[in-house]
file start.cif (mmCIF, C-alpha atoms)
data_structure
#
loop_
_atom_site.group_PDB
_atom_site.id
_atom_site.type_symbol
_atom_site.label_atom_id
_atom_site.label_comp_id
_atom_site.auth_asym_id
_atom_site.auth_seq_id
_atom_site.Cartn_x
_atom_site.Cartn_y
_atom_site.Cartn_z
ATOM 1 C CA MET A 93 -36.925 115.599 127.501
ATOM 2 C CA PHE A 94 -34.301 117.295 125.387
ATOM 3 C CA ASP A 95 -33.192 116.438 121.889
ATOM 4 C CA ILE A 96 -29.445 116.422 121.649
ATOM 5 C CA THR A 97 -27.786 116.473 118.242
ATOM 6 C CA PRO A 98 -24.180 115.399 117.727
ATOM 7 C CA ILE A 99 -21.938 118.329 116.833
ATOM 8 C CA GLY A 100 -19.367 115.881 115.484
ATOM 9 C CA TRP A 101 -17.840 112.450 115.839
ATOM 10 C CA VAL A 102 -14.669 110.806 117.076
ATOM 11 C CA ARG A 103 -12.599 109.464 114.184
ATOM 12 C CA GLY A 104 -9.790 107.028 114.770
ATOM 13 C CA GLY A 105 -8.353 105.980 118.087
ATOM 14 C CA ARG A 106 -9.744 102.798 119.522
ATOM 15 C CA ILE A 107 -12.332 100.521 117.928
ATOM 16 C CA GLU A 108 -13.351 98.682 121.063
ATOM 17 C CA ALA A 109 -14.282 100.007 124.497
ATOM 18 C CA VAL A 110 -11.826 98.706 127.081
ATOM 19 C CA ASP A 111 -11.277 99.914 130.614
ATOM 20 C CA ASP A 112 -7.682 101.099 130.702
ATOM 21 C CA ASP A 113 -4.635 102.559 128.941
ATOM 22 C CA TRP A 114 -6.134 105.600 127.256
ATOM 23 C CA ALA A 115 -3.303 108.069 127.904
ATOM 24 C CA THR A 116 -1.424 108.167 124.644
ATOM 25 C CA LEU A 117 -4.282 107.378 122.289
ATOM 26 C CA GLU A 118 -4.765 110.062 119.708
ATOM 27 C CA ALA A 119 -7.986 110.693 117.860
ATOM 28 C CA THR A 120 -9.634 113.294 115.671
ATOM 29 C CA ILE A 121 -12.934 114.992 116.377
ATOM 30 C CA GLU A 122 -14.596 115.981 113.148
ATOM 31 C CA LEU A 123 -17.401 118.545 113.371
ATOM 32 C CA ASP A 124 -20.677 118.071 111.519
ATOM 33 C CA ALA A 125 -19.849 120.161 108.451
ATOM 34 C CA THR A 126 -23.511 120.885 107.698
ATOM 35 C CA HIS A 127 -23.744 123.085 110.818
ATOM 36 C CA PHE A 128 -20.222 123.991 111.826
ATOM 37 C CA GLY A 129 -16.990 125.132 110.296
ATOM 38 C CA ALA A 130 -13.566 126.506 111.131
ATOM 39 C CA GLU A 131 -15.161 129.602 112.742
ATOM 40 C CA SER A 132 -16.836 127.381 115.371
ATOM 41 C CA LEU A 133 -13.343 126.414 116.587
ATOM 42 C CA ALA A 134 -11.622 129.798 116.135
ATOM 43 C CA GLY A 135 -9.196 130.471 118.977
ATOM 44 C CA LEU A 136 -9.443 126.993 120.471
ATOM 45 C CA GLU A 137 -5.793 126.406 119.569
ATOM 46 C CA ASP A 138 -4.823 128.883 122.312
ATOM 47 C CA PHE A 139 -5.925 126.349 124.913
ATOM 48 C CA SER A 140 -3.871 123.310 125.865
ATOM 49 C CA HIS A 141 -6.884 121.201 126.856
ATOM 50 C CA VAL A 142 -10.474 120.709 125.841
ATOM 51 C CA ASP A 143 -13.435 119.146 127.648
ATOM 52 C CA VAL A 144 -15.153 116.663 125.355
ATOM 53 C CA ILE A 145 -18.775 115.781 126.110
ATOM 54 C CA TYR A 146 -19.947 112.688 124.301
ATOM 55 C CA VAL A 147 -22.460 109.851 124.263
ATOM 56 C CA PHE A 148 -21.557 106.237 125.098
ATOM 57 C CA HIS A 149 -23.656 105.291 122.094
ATOM 58 C CA GLU A 150 -22.922 101.568 122.214
ATOM 59 C CA VAL A 151 -24.437 101.117 125.664
ATOM 60 C CA ASP A 152 -27.749 99.361 125.308
ATOM 61 C CA ALA A 153 -30.739 100.955 127.039
ATOM 62 C CA ALA A 154 -31.389 97.671 128.859
ATOM 63 C CA ALA A 155 -27.913 97.815 130.426
ATOM 64 C CA ILE A 156 -28.355 101.225 132.026
ATOM 65 C CA GLU A 157 -27.916 101.175 135.787
ATOM 66 C CA THR A 158 -30.007 103.518 137.919
ATOM 67 C CA GLY A 159 -29.153 102.195 141.382
ATOM 68 C CA ALA A 160 -25.891 100.957 142.872
ATOM 69 C CA ARG A 161 -23.252 98.523 141.604
ATOM 70 C CA ARG A 162 -19.611 97.677 142.232
ATOM 71 C CA PRO A 163 -17.373 99.612 139.797
ATOM 72 C CA ARG A 164 -16.161 97.152 137.140
ATOM 73 C CA GLY A 165 -17.845 94.401 139.172
ATOM 74 C CA ASN A 166 -14.739 94.359 141.374
ATOM 75 C CA LEU A 167 -15.562 92.591 144.648
ATOM 76 C CA ASP A 168 -12.793 94.529 146.410
ATOM 77 C CA TRP A 169 -14.690 97.756 145.873
ATOM 78 C CA PRO A 170 -17.947 98.864 147.489
ATOM 79 C CA GLU A 171 -21.348 99.026 145.844
ATOM 80 C CA VAL A 172 -21.772 102.676 144.952
ATOM 81 C CA GLY A 173 -24.528 104.562 143.203
ATOM 82 C CA ILE A 174 -24.315 105.168 139.476
ATOM 83 C CA PHE A 175 -23.893 108.902 140.223
ATOM 84 C CA ALA A 176 -20.980 108.101 142.568
ATOM 85 C CA GLN A 177 -19.025 106.468 139.735
ATOM 86 C CA ARG A 178 -18.209 107.310 136.116
ATOM 87 C CA ALA A 179 -19.222 103.994 134.518
ATOM 88 C CA ARG A 180 -20.650 104.212 131.022
ATOM 89 C CA MET A 181 -23.901 102.285 131.630
ATOM 90 C CA ARG A 182 -25.414 105.403 133.201
ATOM 91 C CA PRO A 183 -28.638 107.326 132.676
ATOM 92 C CA ASN A 184 -28.301 109.468 129.517
ATOM 93 C CA ARG A 185 -25.022 107.644 128.734
ATOM 94 C CA LEU A 186 -22.915 110.831 128.875
ATOM 95 C CA GLY A 187 -19.144 110.962 129.072
ATOM 96 C CA VAL A 188 -17.101 114.045 129.956
ATOM 97 C CA THR A 189 -13.326 113.984 129.604
ATOM 98 C CA THR A 190 -10.636 116.636 129.671
ATOM 99 C CA CYS A 191 -8.166 115.863 126.862
ATOM 100 C CA GLU A 192 -4.961 117.317 125.616
ATOM 101 C CA LEU A 193 -5.523 119.404 122.494
ATOM 102 C CA LEU A 194 -2.872 118.616 119.919
ATOM 103 C CA GLY A 195 -4.079 120.753 117.074
ATOM 104 C CA VAL A 196 -6.953 122.406 115.241
ATOM 105 C CA GLU A 197 -7.298 122.224 111.488
ATOM 106 C CA ALA A 198 -10.365 123.757 109.853
ATOM 107 C CA ASP A 199 -13.374 121.862 111.275
ATOM 108 C CA ARG A 200 -11.470 119.132 113.066
ATOM 109 C CA ILE A 201 -9.358 118.847 116.159
ATOM 110 C CA GLN A 202 -6.721 116.376 117.208
ATOM 111 C CA VAL A 203 -6.750 115.205 120.836
ATOM 112 C CA ARG A 204 -4.742 112.899 123.062
ATOM 113 C CA GLY A 205 -6.197 110.889 125.940
ATOM 114 C CA LEU A 206 -9.834 110.799 124.906
ATOM 115 C CA ASP A 207 -11.476 107.697 126.374
ATOM 116 C CA ALA A 208 -14.047 107.327 123.610
ATOM 117 C CA ILE A 209 -14.017 104.946 120.678
ATOM 118 C CA ASP A 210 -14.050 105.571 116.944
ATOM 119 C CA GLY A 211 -17.495 106.754 115.824
ATOM 120 C CA THR A 212 -18.543 108.182 119.203
ATOM 121 C CA PRO A 213 -20.990 111.099 118.863
ATOM 122 C CA VAL A 214 -19.611 114.295 120.410
ATOM 123 C CA ILE A 215 -22.261 116.668 121.736
ATOM 124 C CA ASP A 216 -20.162 119.563 123.020
ATOM 125 C CA LEU A 217 -16.603 120.864 123.243
ATOM 126 C CA LYS A 218 -15.493 123.388 125.841
ATOM 127 C CA PRO A 219 -12.060 124.904 126.351
ATOM 128 C CA TYR A 220 -10.518 123.857 129.651
ATOM 129 C CA MET A 221 -10.077 126.898 131.875
ATOM 130 C CA THR A 222 -8.167 126.608 135.129
ATOM 131 C CA GLY A 223 -10.954 128.618 136.741
ATOM 132 C CA PHE A 224 -13.216 125.576 136.343
ATOM 133 C CA ALA A 225 -10.907 123.261 138.270
ATOM 134 C CA PRO A 226 -11.966 122.449 141.860
ATOM 135 C CA ARG A 227 -11.833 125.559 144.029
ATOM 136 C CA SER A 228 -11.190 123.746 147.315
ATOM 137 C CA VAL A 229 -9.282 120.716 148.612
ATOM 138 C CA VAL A 230 -10.132 117.497 146.771
ATOM 139 C CA HIS A 231 -10.615 114.126 148.390
ATOM 140 C CA GLN A 232 -11.903 110.834 147.050
ATOM 141 C CA PRO A 233 -12.294 107.269 148.338
ATOM 142 C CA GLU A 234 -9.544 104.690 148.047
ATOM 143 C CA TRP A 235 -11.413 102.624 145.414
ATOM 144 C CA ALA A 236 -11.456 105.590 143.038
ATOM 145 C CA ILE A 237 -7.685 105.946 143.312
ATOM 146 C CA GLU A 238 -7.213 102.210 142.693
ATOM 147 C CA LEU A 239 -9.611 102.244 139.740
ATOM 148 C CA MET A 240 -7.724 105.083 138.057
ATOM 149 C CA ALA A 241 -4.289 103.505 138.577
ATOM 150 C CA ASN A 242 -4.108 102.062 135.069
ATOM 151 C CA TYR A 243 -6.692 104.193 133.334
ATOM 152 C CA TRP A 244 -4.287 106.429 131.457
ATOM 153 C CA VAL A 245 -1.288 104.141 131.570
ATOM 154 C CA ASP A 246 0.167 103.080 128.267
ATOM 155 C CA ASP A 247 1.892 99.727 127.886
ATOM 156 C CA SER A 248 4.551 101.229 125.639
ATOM 157 C CA VAL A 249 5.941 103.351 128.457
ATOM 158 C CA GLN A 250 5.727 100.790 131.282
ATOM 159 C CA MET B 170 -30.376 112.610 117.735
ATOM 160 C CA PHE B 171 -30.508 111.476 121.331
ATOM 161 C CA ASP B 172 -33.300 111.947 123.840
ATOM 162 C CA ILE B 173 -31.939 113.175 127.117
ATOM 163 C CA THR B 174 -34.106 113.003 130.224
ATOM 164 C CA PRO B 175 -33.381 115.093 133.303
ATOM 165 C CA ILE B 176 -32.216 112.979 136.232
ATOM 166 C CA GLY B 177 -33.090 115.823 138.582
ATOM 167 C CA TRP B 178 -33.300 119.572 139.029
ATOM 168 C CA VAL B 179 -31.478 122.388 140.736
ATOM 169 C CA ARG B 180 -33.503 123.734 143.664
ATOM 170 C CA GLY B 181 -32.647 127.031 145.252
ATOM 171 C CA GLY B 182 -29.586 129.150 144.604
ATOM 172 C CA ARG B 183 -30.043 131.907 142.076
ATOM 173 C CA ILE B 184 -33.223 132.816 140.230
ATOM 174 C CA GLU B 185 -31.624 134.804 137.436
ATOM 175 C CA ALA B 186 -28.682 133.941 135.203
ATOM 176 C CA VAL B 187 -25.905 136.471 135.714
ATOM 177 C CA ASP B 188 -22.294 136.264 134.666
ATOM 178 C CA ASP B 189 -20.321 136.386 137.906
ATOM 179 C CA ASP B 190 -20.035 135.718 141.629
ATOM 180 C CA TRP B 191 -21.051 132.072 141.821
ATOM 181 C CA ALA B 192 -18.497 130.893 144.383
ATOM 182 C CA THR B 193 -20.427 130.789 147.623
ATOM 183 C CA LEU B 194 -23.869 130.069 146.227
ATOM 184 C CA GLU B 195 -25.362 126.923 147.630
ATOM 185 C CA ALA B 196 -28.051 124.901 145.965
ATOM 186 C CA THR B 197 -29.714 121.510 146.192
ATOM 187 C CA ILE B 198 -29.935 118.974 143.389
ATOM 188 C CA GLU B 199 -33.025 116.861 143.796
ATOM 189 C CA LEU B 200 -33.158 113.604 141.840
ATOM 190 C CA ASP B 201 -36.241 112.574 139.894
ATOM 191 C CA ALA B 202 -37.794 110.306 142.535
ATOM 192 C CA THR B 203 -39.708 108.275 139.953
ATOM 193 C CA HIS B 204 -36.437 106.805 138.638
ATOM 194 C CA PHE B 205 -33.802 107.341 141.294
ATOM 195 C CA GLY B 206 -33.366 107.071 145.023
ATOM 196 C CA ALA B 207 -30.770 107.113 147.766
ATOM 197 C CA GLU B 208 -29.038 104.046 146.237
ATOM 198 C CA SER B 209 -28.265 106.068 143.067
ATOM 199 C CA LEU B 210 -26.103 108.362 145.208
ATOM 200 C CA ALA B 211 -24.628 105.732 147.574
ATOM 201 C CA GLY B 212 -20.986 106.499 148.323
ATOM 202 C CA LEU B 213 -21.002 109.917 146.688
ATOM 203 C CA GLU B 214 -20.427 111.500 150.101
ATOM 204 C CA ASP B 215 -16.867 110.087 150.053
ATOM 205 C CA PHE B 216 -15.985 112.565 147.305
ATOM 206 C CA SER B 217 -15.350 116.245 147.972
ATOM 207 C CA HIS B 218 -16.478 117.385 144.508
ATOM 208 C CA VAL B 219 -19.000 116.426 141.880
ATOM 209 C CA ASP B 220 -19.251 117.236 138.177
ATOM 210 C CA VAL B 221 -22.731 118.491 137.371
ATOM 211 C CA ILE B 222 -23.913 118.228 133.766
ATOM 212 C CA TYR B 223 -26.966 120.333 133.066
ATOM 213 C CA VAL B 224 -28.992 122.100 130.389
ATOM 214 C CA PHE B 225 -29.120 125.889 130.017
ATOM 215 C CA HIS B 226 -32.857 125.463 129.557
ATOM 216 C CA GLU B 227 -33.690 129.159 129.364
ATOM 217 C CA VAL B 228 -31.561 129.743 126.276
ATOM 218 C CA ASP B 229 -33.852 130.182 123.315
ATOM 219 C CA ALA B 230 -33.109 128.045 120.245
ATOM 220 C CA ALA B 231 -32.956 131.224 118.143
ATOM 221 C CA ALA B 232 -30.126 132.574 120.320
ATOM 222 C CA ILE B 233 -27.816 129.609 119.828
ATOM 223 C CA GLU B 234 -24.472 130.552 118.321
ATOM 224 C CA THR B 235 -22.768 128.111 115.958
ATOM 225 C CA GLY B 236 -19.925 130.311 114.693
ATOM 226 C CA ALA B 237 -17.719 132.846 116.453
ATOM 227 C CA ARG B 238 -18.499 135.720 118.837
ATOM 228 C CA ARG B 239 -16.720 137.837 121.419
ATOM 229 C CA PRO B 240 -17.190 136.328 124.902
ATOM 230 C CA ARG B 241 -19.747 138.474 126.753
ATOM 231 C CA GLY B 242 -19.665 140.846 123.789
ATOM 232 C CA ASN B 243 -16.517 142.370 125.295
ATOM 233 C CA LEU B 244 -14.681 144.362 122.613
ATOM 234 C CA ASP B 245 -11.387 143.851 124.456
ATOM 235 C CA TRP B 246 -11.563 140.135 123.769
ATOM 236 C CA PRO B 247 -11.201 138.355 120.434
ATOM 237 C CA GLU B 248 -13.954 136.726 118.431
ATOM 238 C CA VAL B 249 -13.668 133.068 119.233
ATOM 239 C CA GLY B 250 -15.663 130.060 118.144
ATOM 240 C CA ILE B 251 -18.505 128.813 120.312
ATOM 241 C CA PHE B 252 -16.450 125.669 121.041
ATOM 242 C CA ALA B 253 -13.527 127.852 122.170
ATOM 243 C CA GLN B 254 -15.633 129.437 124.914
ATOM 244 C CA ARG B 255 -18.066 128.223 127.567
ATOM 245 C CA ALA B 256 -20.952 130.619 126.837
ATOM 246 C CA ARG B 257 -24.412 129.244 127.439
ATOM 247 C CA MET B 258 -25.923 130.045 123.996
ATOM 248 C CA ARG B 259 -24.177 126.990 122.556
ATOM 249 C CA PRO B 260 -25.333 124.022 120.478
ATOM 250 C CA ASN B 261 -27.130 121.539 122.768
ATOM 251 C CA ARG B 262 -27.035 124.155 125.570
ATOM 252 C CA LEU B 263 -24.971 121.960 127.907
ATOM 253 C CA GLY B 264 -23.181 123.151 131.018
ATOM 254 C CA VAL B 265 -20.541 121.173 132.911
ATOM 255 C CA THR B 266 -19.276 122.419 136.264
ATOM 256 C CA THR B 267 -17.209 120.890 139.036
ATOM 257 C CA CYS B 268 -18.802 121.865 142.364
ATOM 258 C CA GLU B 269 -18.006 121.345 145.975
ATOM 259 C CA LEU B 270 -20.188 118.616 147.470
ATOM 260 C CA LEU B 271 -21.513 119.728 150.842
ATOM 261 C CA GLY B 272 -23.706 116.782 151.672
ATOM 262 C CA VAL B 273 -25.893 113.930 150.474
ATOM 263 C CA GLU B 274 -29.256 113.228 152.021
ATOM 264 C CA ALA B 275 -31.426 110.461 150.555
ATOM 265 C CA ASP B 276 -32.109 111.484 146.936
ATOM 266 C CA ARG B 277 -30.729 115.008 147.105
ATOM 267 C CA ILE B 278 -27.315 116.577 147.283
ATOM 268 C CA GLN B 279 -26.169 119.950 148.498
ATOM 269 C CA VAL B 280 -23.513 121.741 146.435
ATOM 270 C CA ARG B 281 -21.556 124.992 146.567
ATOM 271 C CA GLY B 282 -20.423 126.909 143.496
ATOM 272 C CA LEU B 283 -22.857 125.569 140.911
ATOM 273 C CA ASP B 284 -23.337 128.178 138.188
ATOM 274 C CA ALA B 285 -26.870 127.108 137.323
ATOM 275 C CA ILE B 286 -30.134 128.717 138.325
ATOM 276 C CA ASP B 287 -33.087 127.385 140.290
ATOM 277 C CA GLY B 288 -35.086 124.923 138.164
ATOM 278 C CA THR B 289 -32.197 123.934 135.890
ATOM 279 C CA PRO B 290 -32.535 120.359 134.570
ATOM 280 C CA VAL B 291 -29.584 118.192 135.597
ATOM 281 C CA ILE B 292 -28.766 115.374 133.177
ATOM 282 C CA ASP B 293 -25.825 113.669 134.894
ATOM 283 C CA LEU B 294 -23.714 113.712 138.039
ATOM 284 C CA LYS B 295 -20.210 112.285 138.183
ATOM 285 C CA PRO B 296 -17.833 112.137 141.124
ATOM 286 C CA TYR B 297 -14.754 114.277 140.572
ATOM 287 C CA MET B 298 -11.670 112.065 140.452
ATOM 288 C CA THR B 299 -8.224 113.615 140.383
ATOM 289 C CA GLY B 300 -7.363 111.155 137.621
ATOM 290 C CA PHE B 301 -9.651 113.123 135.303
ATOM 291 C CA ALA B 302 -7.835 116.414 135.837
ATOM 292 C CA PRO B 303 -5.524 117.527 132.986
ATOM 293 C CA ARG B 304 -2.604 115.124 132.650
ATOM 294 C CA SER B 305 -0.163 117.681 131.189
ATOM 295 C CA VAL B 306 0.700 121.368 131.551
ATOM 296 C CA VAL B 307 -2.282 123.689 131.113
ATOM 297 C CA HIS B 308 -2.259 126.949 129.210
ATOM 298 C CA GLN B 309 -5.022 129.286 128.155
ATOM 299 C CA PRO B 310 -5.292 132.682 126.457
ATOM 300 C CA GLU B 311 -5.256 135.918 128.421
ATOM 301 C CA TRP B 312 -8.936 136.670 127.732
ATOM 302 C CA ALA B 313 -9.981 133.457 129.478
ATOM 303 C CA ILE B 314 -8.045 134.444 132.593
ATOM 304 C CA GLU B 315 -9.618 137.914 132.553
ATOM 305 C CA LEU B 316 -13.099 136.486 132.009
ATOM 306 C CA MET B 317 -12.795 134.178 135.007
ATOM 307 C CA ALA B 318 -11.430 136.880 137.330
ATOM 308 C CA ASN B 319 -14.806 137.570 138.940
ATOM 309 C CA TYR B 320 -16.632 134.403 138.041
ATOM 310 C CA TRP B 321 -16.460 132.755 141.437
ATOM 311 C CA VAL B 322 -15.883 135.900 143.469
ATOM 312 C CA ASP B 323 -18.447 136.710 146.111
ATOM 313 C CA ASP B 324 -19.166 140.288 147.121
ATOM 314 C CA SER B 325 -19.436 139.315 150.763
ATOM 315 C CA VAL B 326 -15.752 138.417 150.910
ATOM 316 C CA GLN B 327 -14.370 141.281 148.833
#
call {"tool": "encode", "arguments": {"input": "start.cif", "output": "structure tokens"}}
result
Amino acid sequence: MFDITPIGWVRGGRIEAVDDDWATLEATIELDATHFGAESLAGLEDFSHVDVIYVFHEVDAAAIETGARRPRGNLDWPEVGIFAQRARMRPNRLGVTTCELLGVEADRIQVRGLDAIDGTPVIDLKPYMTGFAPRSVVHQPEWAIELMANYWVDDSVQ
Amino acid sequence: MFDITPIGWVRGGRIEAVDDDWATLEATIELDATHFGAESLAGLEDFSHVDVIYVFHEVDAAAIETGARRPRGNLDWPEVGIFAQRARMRPNRLGVTTCELLGVEADRIQVRGLDAIDGTPVIDLKPYMTGFAPRSVVHQPEWAIELMANYWVDDSVQ
């Protein structure tokens, strides 16, 4: 077992976890000022994107899936293992999302398109480097494409 | 604080942590059979890539950087904050890498290009979906491009 300590928290953005329309949401990530400061983020502003690693802290332990389930309970999609989907009721309850970095100010950063609610504990931030993108041809099943169709969409631009 | 439990371990691949040449390395990720089985991975084989979230377990707590440092100690590169680089001596010691998925067999998967050594605790697996790639133009500083130049390179193909 490993003890993981939040390095900061999501402030603002959405209050409630919903499935879709995260694209234009903006939020702040505020570092834990007792351990980190502006120097911990020095140079991050030279990157356009940041990987945010966080905990789906509102998922109850009893709800965690270890086997297979249909994503979003959608009967049109197959039962797939919890490690073959990105659902939040997963072992260790970890989320990883690449967001647009809007700005860095002292010990806080502003991001767009973070699919985590207000108050979410952030456990790591990494600059997005193109070298970490897939290094070979990507393919994915049809259900994953359908599931993502409205994930980032914003009603205001439809 | 959150307790994180390994869902499995890296088997094979490299014994020693080195900086470069991870591209063609193949390794197995073996799930913890007391909690997970083939159903936890059902459908993963329909994806070409998987995000592996793991712990740099050999990094000593005393070595963890919370402020700024030069990546790899290279004097040609600027001092940047620990959250502006992907170095392993980071708070919570988490690594996140998108790997090529070579195969799934029961409760184990075969991957190529995982930059984690034999015995590394894996704490989550997520299928790579193109919808989670950056949704706007990417830019990064010159040092990050230089640093990645040999990261995936393999001597056998040079």
call {"tool": "residues_around", "arguments": {"input": "start.cif", "residues": "stretch 235-250 of chain B", "least_positions_apart": "4", "cutoff": "8 Å", "atoms": "all atoms listed in the file", "output": "NGL selection string"}}
result
(:A and (127-129 or 131-136)) or (:B and (254 or 256 or 259-260 or 312))
call {"tool": "resolve_selection", "arguments": {"input": "start.cif", "expression": "the PyMOL selection byres ((chain A) within 7 of (chain B))", "output": "count of residues only"}}
result
46
call {"tool": "resolve_selection", "arguments": {"input": "start.cif", "expression": "the PyMOL selection byres ((chain B and resi 191) around 10)", "output": "list in words"}}
result
Gly182, Arg183, Val187, Asp188, Asp189, Asp190, Ala192, Thr193, Leu194, Glu195, Arg281, Gly282, Leu283, Asp284, Ala285, Asn319, Tyr320, Trp321, Val322, Asp323 and Asp324 of chain B
call {"tool": "atom_distance", "arguments": {"input": "start.cif", "atom1": "atom CA of B:Ala275", "atom2": "atom CA of B:Ile198"}}
result
11.2 Å
call {"tool": "atom_distance", "arguments": {"input": "start.cif", "atom1": "atom CA of A:Ala109", "atom2": "atom CA of B:Val291"}}
result
26.2 Å
call {"tool": "decode", "arguments": {"input": "start.cif", "residues": "stretch 160-181 of chain A", "atoms": "C-alpha atoms", "output": "mmCIF file, in the first residue's frame"}}
result
data_model
loop_
_atom_site.group_PDB
_atom_site.id
_atom_site.type_symbol
_atom_site.label_atom_id
_atom_site.label_comp_id
_atom_site.auth_asym_id
_atom_site.auth_seq_id
_atom_site.Cartn_x
_atom_site.Cartn_y
_atom_site.Cartn_z
ATOM 1 C CA ALA A 160 -16.747 -5.994 -16.000
ATOM 2 C CA ARG A 161 -19.692 -3.661 -16.620
ATOM 3 C CA ARG A 162 -21.312 -1.813 -19.506
ATOM 4 C CA PRO A 163 -19.901 1.741 -19.748
ATOM 5 C CA ARG A 164 -22.555 4.132 -18.399
ATOM 6 C CA GLY A 165 -24.882 1.122 -18.145
ATOM 7 C CA ASN A 166 -25.606 1.582 -21.854
ATOM 8 C CA LEU A 167 -27.165 -1.615 -23.220
ATOM 9 C CA ASP A 168 -25.882 -0.771 -26.708
ATOM 10 C CA TRP A 169 -22.318 -1.174 -25.511
ATOM 11 C CA PRO A 170 -20.535 -4.367 -24.474
ATOM 12 C CA GLU A 171 -19.630 -5.412 -20.955
ATOM 13 C CA VAL A 172 -15.972 -4.512 -20.632
ATOM 14 C CA GLY A 173 -13.526 -4.799 -17.778
ATOM 15 C CA ILE A 174 -12.967 -1.847 -15.480
ATOM 16 C CA PHE A 175 -9.417 -1.566 -16.893
ATOM 17 C CA ALA A 176 -10.841 -1.450 -20.441
ATOM 18 C CA GLN A 177 -12.850 1.685 -19.634
ATOM 19 C CA ARG A 178 -12.192 4.994 -17.878
ATOM 20 C CA ALA A 179 -15.203 5.001 -15.530
ATOM 21 C CA ARG A 180 -14.666 6.632 -12.160
ATOM 22 C CA MET A 181 -15.842 3.737 -9.949
#
